[in-house]
Amino acid sequence: MKGLFKSKPRTPVDVVRQTRELLIYAGRTPDTRETKREEKMAELSKNIRELKQILYGNSESEPVSEACTQLTQEFFRENTLRLLITCVPKLNLEARKDATQVVANLQRQQVHSKLIACEYLEKNIDLLDILVSGYENTDMALHYGAMLRECIRHQTVAKYVLESQHMKKFFDFIQLPNFDIAADAAATFKELLTRHKSTVAEFLSKNYEWFFAEYNSKLLESSNYITRRQAIKLLGDILLDRSNSVVMTRYVSSRDNLRILMNLLRESSKSIQIEAFHVFKLFAANQNKPPDIVGILITNRSKLLRLFGDFKLDKENEQFEADKALVVKEIAALEPRDCT
């Protein structure tokens, strides 16, 4: 007889609806009956785990696309994403990890060829404020940081973060004393500045002055070796990208920028020297060098040529040697220019 009364398996829609109800419950003032709350929170954790298994599959089966579509549609039909994001601090560690993976996966789920997560975030853009502010909370930083990186896969969402006051905060987040959080913030910062080419080029052109003043003083001239190393590598990635050619031309026309790069070339760290060279070669290759740039390069010509004479990679690299030869040729051929 037992088999006749087996409970019907829950559909993805059922799991989302029950999760939503439990999230609403979790968001309320703590219940006076502690036991009841613990039971509900345990049930919520179980539901979030089930959502993750539907989206990712498990050790025995791959995810079923129809189930993923049903789950995604129901998830964004109401405010489940907002409820889940705001509830993360109240979850236990394992449930937080599961919630992070659920939010991440939903950013990639298509329904009728549309990324409905993107449409939802555009209408609820303040959720990005919550995610970015997560870097200010040691317990939340890595969970919210991972969610944030998935959300900025959407160009409109990334544009919002780039154009917000949050961008200035990243210069401090990257230097937080907690290594894991600082590294996570640096990964998000890099994603914001490299993923969506046209949006990044527009942002850098509009915000050139303050952005590079902060970048130079807080990152390239940081007392922290890791910060300097990451910053000079990212600067090379940004300036060598063709879509940022206007910004690159402006950057390599500045004597202050050249001074910083020449200091980085003198670093004891080989990896910083190499990355600094990739940016320095842009100054040398610029065919319209301002007179003050030419003057600095001529003044330091013998030191630079001596430096590049001993400059070698651990492994032979034809491209690097060709770039170096070009830089040496450019510097050796320089003649003073009249400032008029």
# chains A, B, ... in the order shown; residues from 1 in each chain; ligands from 1
$ residues_around --residues "region 262-271 of chain A" --least-positions-apart "3" --cutoff "12 Å" --atoms "only C-alpha atoms" --output "PyMOL selection string"
chain A and resi 216+219-222+225-226+228-233+255-259+274-281+283-284+293+296-297+300-301+303-304+306-308+310-314
$ residues_around --residues "Asn178 (chain A)" --least-positions-apart "2" --cutoff "12 Å" --atoms "only C-alpha atoms" --output "PDB file with N, CA and C atoms, in the first residue's frame"
ATOM      1  N   TYR A 135      32.142  43.660  -1.289  1.00  0.00           N
ATOM      2  CA  TYR A 135      33.591  43.682  -1.023  1.00  0.00           C
ATOM      3  C   TYR A 135      33.915  44.357   0.308  1.00  0.00           C
ATOM      4  N   GLU A 136      32.947  45.077   0.868  1.00  0.00           N
ATOM      5  CA  GLU A 136      33.167  45.746   2.155  1.00  0.00           C
ATOM      6  C   GLU A 136      32.857  44.815   3.329  1.00  0.00           C
ATOM      7  N   ASN A 137      32.373  43.613   3.007  1.00  0.00           N
ATOM      8  CA  ASN A 137      31.987  42.650   4.046  1.00  0.00           C
ATOM      9  C   ASN A 137      32.799  41.364   3.854  1.00  0.00           C
ATOM     10  N   THR A 138      33.669  41.089   4.790  1.00  0.00           N
ATOM     11  CA  THR A 138      34.581  39.939   4.664  1.00  0.00           C
ATOM     12  C   THR A 138      33.842  38.630   4.401  1.00  0.00           C
ATOM     13  N   ASP A 139      32.696  38.427   5.046  1.00  0.00           N
ATOM     14  CA  ASP A 139      31.961  37.160   4.885  1.00  0.00           C
ATOM     15  C   ASP A 139      31.280  37.041   3.523  1.00  0.00           C
ATOM     16  N   ALA A 141      32.182  38.928   0.609  1.00  0.00           N
ATOM     17  CA  ALA A 141      32.967  39.401  -0.536  1.00  0.00           C
ATOM     18  C   ALA A 141      33.130  38.370  -1.651  1.00  0.00           C
ATOM     19  N   LEU A 142      33.546  37.149  -1.308  1.00  0.00           N
ATOM     20  CA  LEU A 142      33.837  36.159  -2.348  1.00  0.00           C
ATOM     21  C   LEU A 142      32.565  35.643  -3.027  1.00  0.00           C
ATOM     22  N   ASP A 172      40.496  50.809  -4.045  1.00  0.00           N
ATOM     23  CA  ASP A 172      40.727  50.477  -2.631  1.00  0.00           C
ATOM     24  C   ASP A 172      40.498  48.990  -2.371  1.00  0.00           C
ATOM     25  N   PHE A 173      39.450  48.430  -3.018  1.00  0.00           N
ATOM     26  CA  PHE A 173      39.171  46.996  -2.825  1.00  0.00           C
ATOM     27  C   PHE A 173      40.386  46.142  -3.214  1.00  0.00           C
ATOM     28  N   ILE A 174      41.064  46.529  -4.301  1.00  0.00           N
ATOM     29  CA  ILE A 174      42.208  45.769  -4.806  1.00  0.00           C
ATOM     30  C   ILE A 174      43.352  45.742  -3.791  1.00  0.00           C
ATOM     31  N   GLN A 175      43.344  46.707  -2.875  1.00  0.00           N
ATOM     32  CA  GLN A 175      44.433  46.799  -1.891  1.00  0.00           C
ATOM     33  C   GLN A 175      43.999  46.401  -0.486  1.00  0.00           C
ATOM     34  N   LEU A 176      42.860  45.737  -0.385  1.00  0.00           N
ATOM     35  CA  LEU A 176      42.400  45.290   0.937  1.00  0.00           C
ATOM     36  C   LEU A 176      43.425  44.324   1.542  1.00  0.00           C
ATOM     37  N   ASP A 180      42.675  37.117  -0.391  1.00  0.00           N
ATOM     38  CA  ASP A 180      41.663  36.480  -1.238  1.00  0.00           C
ATOM     39  C   ASP A 180      40.655  37.491  -1.768  1.00  0.00           C
ATOM     40  N   ILE A 181      40.233  38.408  -0.895  1.00  0.00           N
ATOM     41  CA  ILE A 181      39.244  39.422  -1.305  1.00  0.00           C
ATOM     42  C   ILE A 181      39.878  40.405  -2.284  1.00  0.00           C
ATOM     43  N   ALA A 182      41.115  40.823  -2.000  1.00  0.00           N
ATOM     44  CA  ALA A 182      41.818  41.744  -2.903  1.00  0.00           C
ATOM     45  C   ALA A 182      41.984  41.112  -4.285  1.00  0.00           C
ATOM     46  N   ALA A 183      42.334  39.829  -4.321  1.00  0.00           N
ATOM     47  CA  ALA A 183      42.516  39.114  -5.596  1.00  0.00           C
ATOM     48  C   ALA A 183      41.193  38.993  -6.348  1.00  0.00           C
ATOM     49  N   ASP A 184      40.111  38.754  -5.611  1.00  0.00           N
ATOM     50  CA  ASP A 184      38.791  38.640  -6.222  1.00  0.00           C
ATOM     51  C   ASP A 184      38.375  39.981  -6.828  1.00  0.00           C
ATOM     52  N   ALA A 185      38.596  41.065  -6.081  1.00  0.00           N
ATOM     53  CA  ALA A 185      38.265  42.407  -6.571  1.00  0.00           C
ATOM     54  C   ALA A 185      39.084  42.733  -7.819  1.00  0.00           C
TER      55      ALA A 185
END
$ select_by_dssp --residues "region 101-333 of chain A" --states "helix (DSSP H, G or I)" --output "PyMOL selection string"
chain A and resi 101-106+116-123+126-136+141-151+155-163+166-173+179-194+197-206+208-220+225-239+242-251+255-265+270-285+291-299+301-309+318-332
$ residues_around --residues "Leu83 (chain A)" --least-positions-apart "2" --cutoff "10 Å" --atoms "only C-alpha atoms" --output "list in words"
Thr19, Arg20, Glu21, Leu22, Leu23, Ile24, Ala26, Gly27, Glu78, Asn79, Thr80, Leu81, Ile85, Thr86, Cys87 and Val88 of chain A
$ write_last_selection --atoms "C-alpha atoms" --output "short mmCIF file (atom, residue, chain, number, x, y, z; two decimals), in the first residue's frame"
data_model
loop_
_atom_site.label_atom_id
_atom_site.label_comp_id
_atom_site.auth_asym_id
_atom_site.auth_seq_id
_atom_site.Cartn_x
_atom_site.Cartn_y
_atom_site.Cartn_z
CA THR A 19 12.33 28.45 -2.44
CA ARG A 20 10.69 31.85 -2.97
CA GLU A 21 8.30 31.27 -0.05
CA LEU A 22 11.18 30.22 2.20
CA LEU A 23 13.26 33.25 1.14
CA ILE A 24 10.37 35.55 2.03
CA ALA A 26 13.94 34.11 5.94
CA GLY A 27 13.77 37.84 5.20
CA GLU A 78 8.86 37.23 -9.75
CA ASN A 79 11.57 38.73 -7.55
CA THR A 80 13.31 35.46 -6.64
CA LEU A 81 16.76 36.73 -7.69
CA ILE A 85 20.83 37.88 -3.26
CA THR A 86 19.59 39.80 -0.21
CA CYS A 87 19.21 36.57 1.78
CA VAL A 88 22.76 35.26 1.19
#
$ closest_residue --among "A:Phe179, A:Tyr56, A:Phe171, A:Phe189" --to "Leu148 (chain A)" --atoms "only C-alpha atoms"
A:Phe189
$ atom_distance --atom1 "CA of Glu321 (chain A)" --atom2 "CA of Ile238 (chain A)"
22.1 Å
$ residues_around --residues "region 290-292 of chain A" --least-positions-apart "6" --cutoff "12 Å" --atoms "only C-alpha atoms" --output "ChimeraX atom specification"
/A:249-256,258-259,283-284,298-299,334-340
$ closest_residue --among "A:Thr100, A:Asn47, A:His112, A:Thr11" --to "Ala67 (chain A)" --atoms "only C-alpha atoms"
A:Thr11
$ select_by_dssp --residues "region 5-136 of chain A" --states "strand (DSSP E or B)" --output "number ranges by chain"
A: 110-111, 114-115
$ residues_around --residues "Ser65 (chain A)" --least-positions-apart "3" --cutoff "10 Å" --atoms "only C-alpha atoms" --output "ChimeraX atom specification"
/A:54-55,62,68-71,109-110
$ residues_around --residues "region 190-204 of chain A" --least-positions-apart "2" --cutoff "8 Å" --atoms "only C-alpha atoms" --output "list in words"
Arg149, Ile152, Arg153, Gln155, Ala158, Lys159, Leu162, Glu163, Ala186, Ala187, Thr188, Lys206, Asn207, Tyr208, Phe211, Leu234, Asp237, Ile238, Ser243, Asn244 and Val247 of chain A
$ write_last_selection --atoms "N, CA and C atoms" --output "PDB file, in the first residue's frame"
ATOM      1  N   ARG A 149      30.816  39.028 -11.125  1.00  0.00           N
ATOM      2  CA  ARG A 149      31.550  38.754 -12.370  1.00  0.00           C
ATOM      3  C   ARG A 149      30.662  38.085 -13.413  1.00  0.00           C
ATOM      4  N   ILE A 152      28.222  40.840 -14.871  1.00  0.00           N
ATOM      5  CA  ILE A 152      28.805  41.811 -15.807  1.00  0.00           C
ATOM      6  C   ILE A 152      29.196  41.175 -17.144  1.00  0.00           C
ATOM      7  N   ARG A 153      28.846  39.919 -17.323  1.00  0.00           N
ATOM      8  CA  ARG A 153      28.928  39.322 -18.664  1.00  0.00           C
ATOM      9  C   ARG A 153      27.948  40.046 -19.590  1.00  0.00           C
ATOM     10  N   GLN A 155      26.526  43.236 -21.215  1.00  0.00           N
ATOM     11  CA  GLN A 155      27.165  44.522 -21.506  1.00  0.00           C
ATOM     12  C   GLN A 155      26.478  45.701 -20.818  1.00  0.00           C
ATOM     13  N   ALA A 158      27.483  45.719 -17.164  1.00  0.00           N
ATOM     14  CA  ALA A 158      28.877  46.166 -17.005  1.00  0.00           C
ATOM     15  C   ALA A 158      28.972  47.679 -17.179  1.00  0.00           C
ATOM     16  N   LYS A 159      28.231  48.205 -18.148  1.00  0.00           N
ATOM     17  CA  LYS A 159      28.225  49.661 -18.414  1.00  0.00           C
ATOM     18  C   LYS A 159      27.746  50.420 -17.186  1.00  0.00           C
ATOM     19  N   LEU A 162      30.588  50.382 -14.624  1.00  0.00           N
ATOM     20  CA  LEU A 162      31.678  51.254 -15.075  1.00  0.00           C
ATOM     21  C   LEU A 162      31.343  52.733 -14.854  1.00  0.00           C
ATOM     22  N   GLU A 163      30.107  53.087 -15.137  1.00  0.00           N
ATOM     23  CA  GLU A 163      29.716  54.502 -15.065  1.00  0.00           C
ATOM     24  C   GLU A 163      29.265  54.936 -13.671  1.00  0.00           C
ATOM     25  N   ALA A 186      40.364  42.323  -7.824  1.00  0.00           N
ATOM     26  CA  ALA A 186      41.236  42.560  -8.986  1.00  0.00           C
ATOM     27  C   ALA A 186      40.718  41.803 -10.207  1.00  0.00           C
ATOM     28  N   ALA A 187      40.202  40.585  -9.996  1.00  0.00           N
ATOM     29  CA  ALA A 187      39.654  39.784 -11.107  1.00  0.00           C
ATOM     30  C   ALA A 187      38.412  40.465 -11.693  1.00  0.00           C
ATOM     31  N   THR A 188      37.567  41.015 -10.823  1.00  0.00           N
ATOM     32  CA  THR A 188      36.355  41.710 -11.286  1.00  0.00           C
ATOM     33  C   THR A 188      36.732  42.992 -12.032  1.00  0.00           C
ATOM     34  N   LYS A 206      35.918  58.964 -21.682  1.00  0.00           N
ATOM     35  CA  LYS A 206      35.145  59.947 -20.890  1.00  0.00           C
ATOM     36  C   LYS A 206      35.763  60.209 -19.525  1.00  0.00           C
ATOM     37  N   ASN A 207      36.429  59.206 -18.972  1.00  0.00           N
ATOM     38  CA  ASN A 207      36.917  59.294 -17.587  1.00  0.00           C
ATOM     39  C   ASN A 207      38.441  59.237 -17.489  1.00  0.00           C
ATOM     40  N   TYR A 208      39.106  59.612 -18.573  1.00  0.00           N
ATOM     41  CA  TYR A 208      40.556  59.449 -18.662  1.00  0.00           C
ATOM     42  C   TYR A 208      41.298  60.074 -17.475  1.00  0.00           C
ATOM     43  N   PHE A 211      40.581  58.477 -13.914  1.00  0.00           N
ATOM     44  CA  PHE A 211      40.853  57.042 -13.901  1.00  0.00           C
ATOM     45  C   PHE A 211      42.357  56.774 -13.889  1.00  0.00           C
ATOM     46  N   LEU A 234      47.716  44.471 -16.519  1.00  0.00           N
ATOM     47  CA  LEU A 234      46.397  44.902 -17.000  1.00  0.00           C
ATOM     48  C   LEU A 234      46.525  46.154 -17.868  1.00  0.00           C
ATOM     49  N   ASP A 237      47.405  45.093 -21.269  1.00  0.00           N
ATOM     50  CA  ASP A 237      46.231  44.502 -21.941  1.00  0.00           C
ATOM     51  C   ASP A 237      45.293  45.590 -22.465  1.00  0.00           C
ATOM     52  N   ILE A 238      45.092  46.638 -21.650  1.00  0.00           N
ATOM     53  CA  ILE A 238      44.179  47.724 -22.035  1.00  0.00           C
ATOM     54  C   ILE A 238      44.762  48.529 -23.203  1.00  0.00           C
ATOM     55  N   SER A 243      40.878  48.563 -29.768  1.00  0.00           N
ATOM     56  CA  SER A 243      39.697  49.404 -29.516  1.00  0.00           C
ATOM     57  C   SER A 243      40.016  50.587 -28.590  1.00  0.00           C
ATOM     58  N   ASN A 244      41.165  50.519 -27.898  1.00  0.00           N
ATOM     59  CA  ASN A 244      41.561  51.609 -26.996  1.00  0.00           C
ATOM     60  C   ASN A 244      42.688  52.471 -27.587  1.00  0.00           C
ATOM     61  N   VAL A 247      42.901  56.183 -26.460  1.00  0.00           N
ATOM     62  CA  VAL A 247      43.362  56.284 -25.073  1.00  0.00           C
ATOM     63  C   VAL A 247      44.856  55.988 -24.991  1.00  0.00           C
TER      64      VAL A 247
END
$ atom_distance --atom1 "CA of Glu119 (chain A)" --atom2 "CA of Pro89 (chain A)"
25.1 Å
$ closest_residue --among "A:Asn92, A:Gln319, A:Gln101, A:Thr72" --to "Lys114 (chain A)" --atoms "only C-alpha atoms"
A:Thr72
$ closest_residue --among "A:Arg33, A:Val103, A:Ser133, A:Leu115" --to "Gln73 (chain A)" --atoms "only C-alpha atoms"
A:Leu115
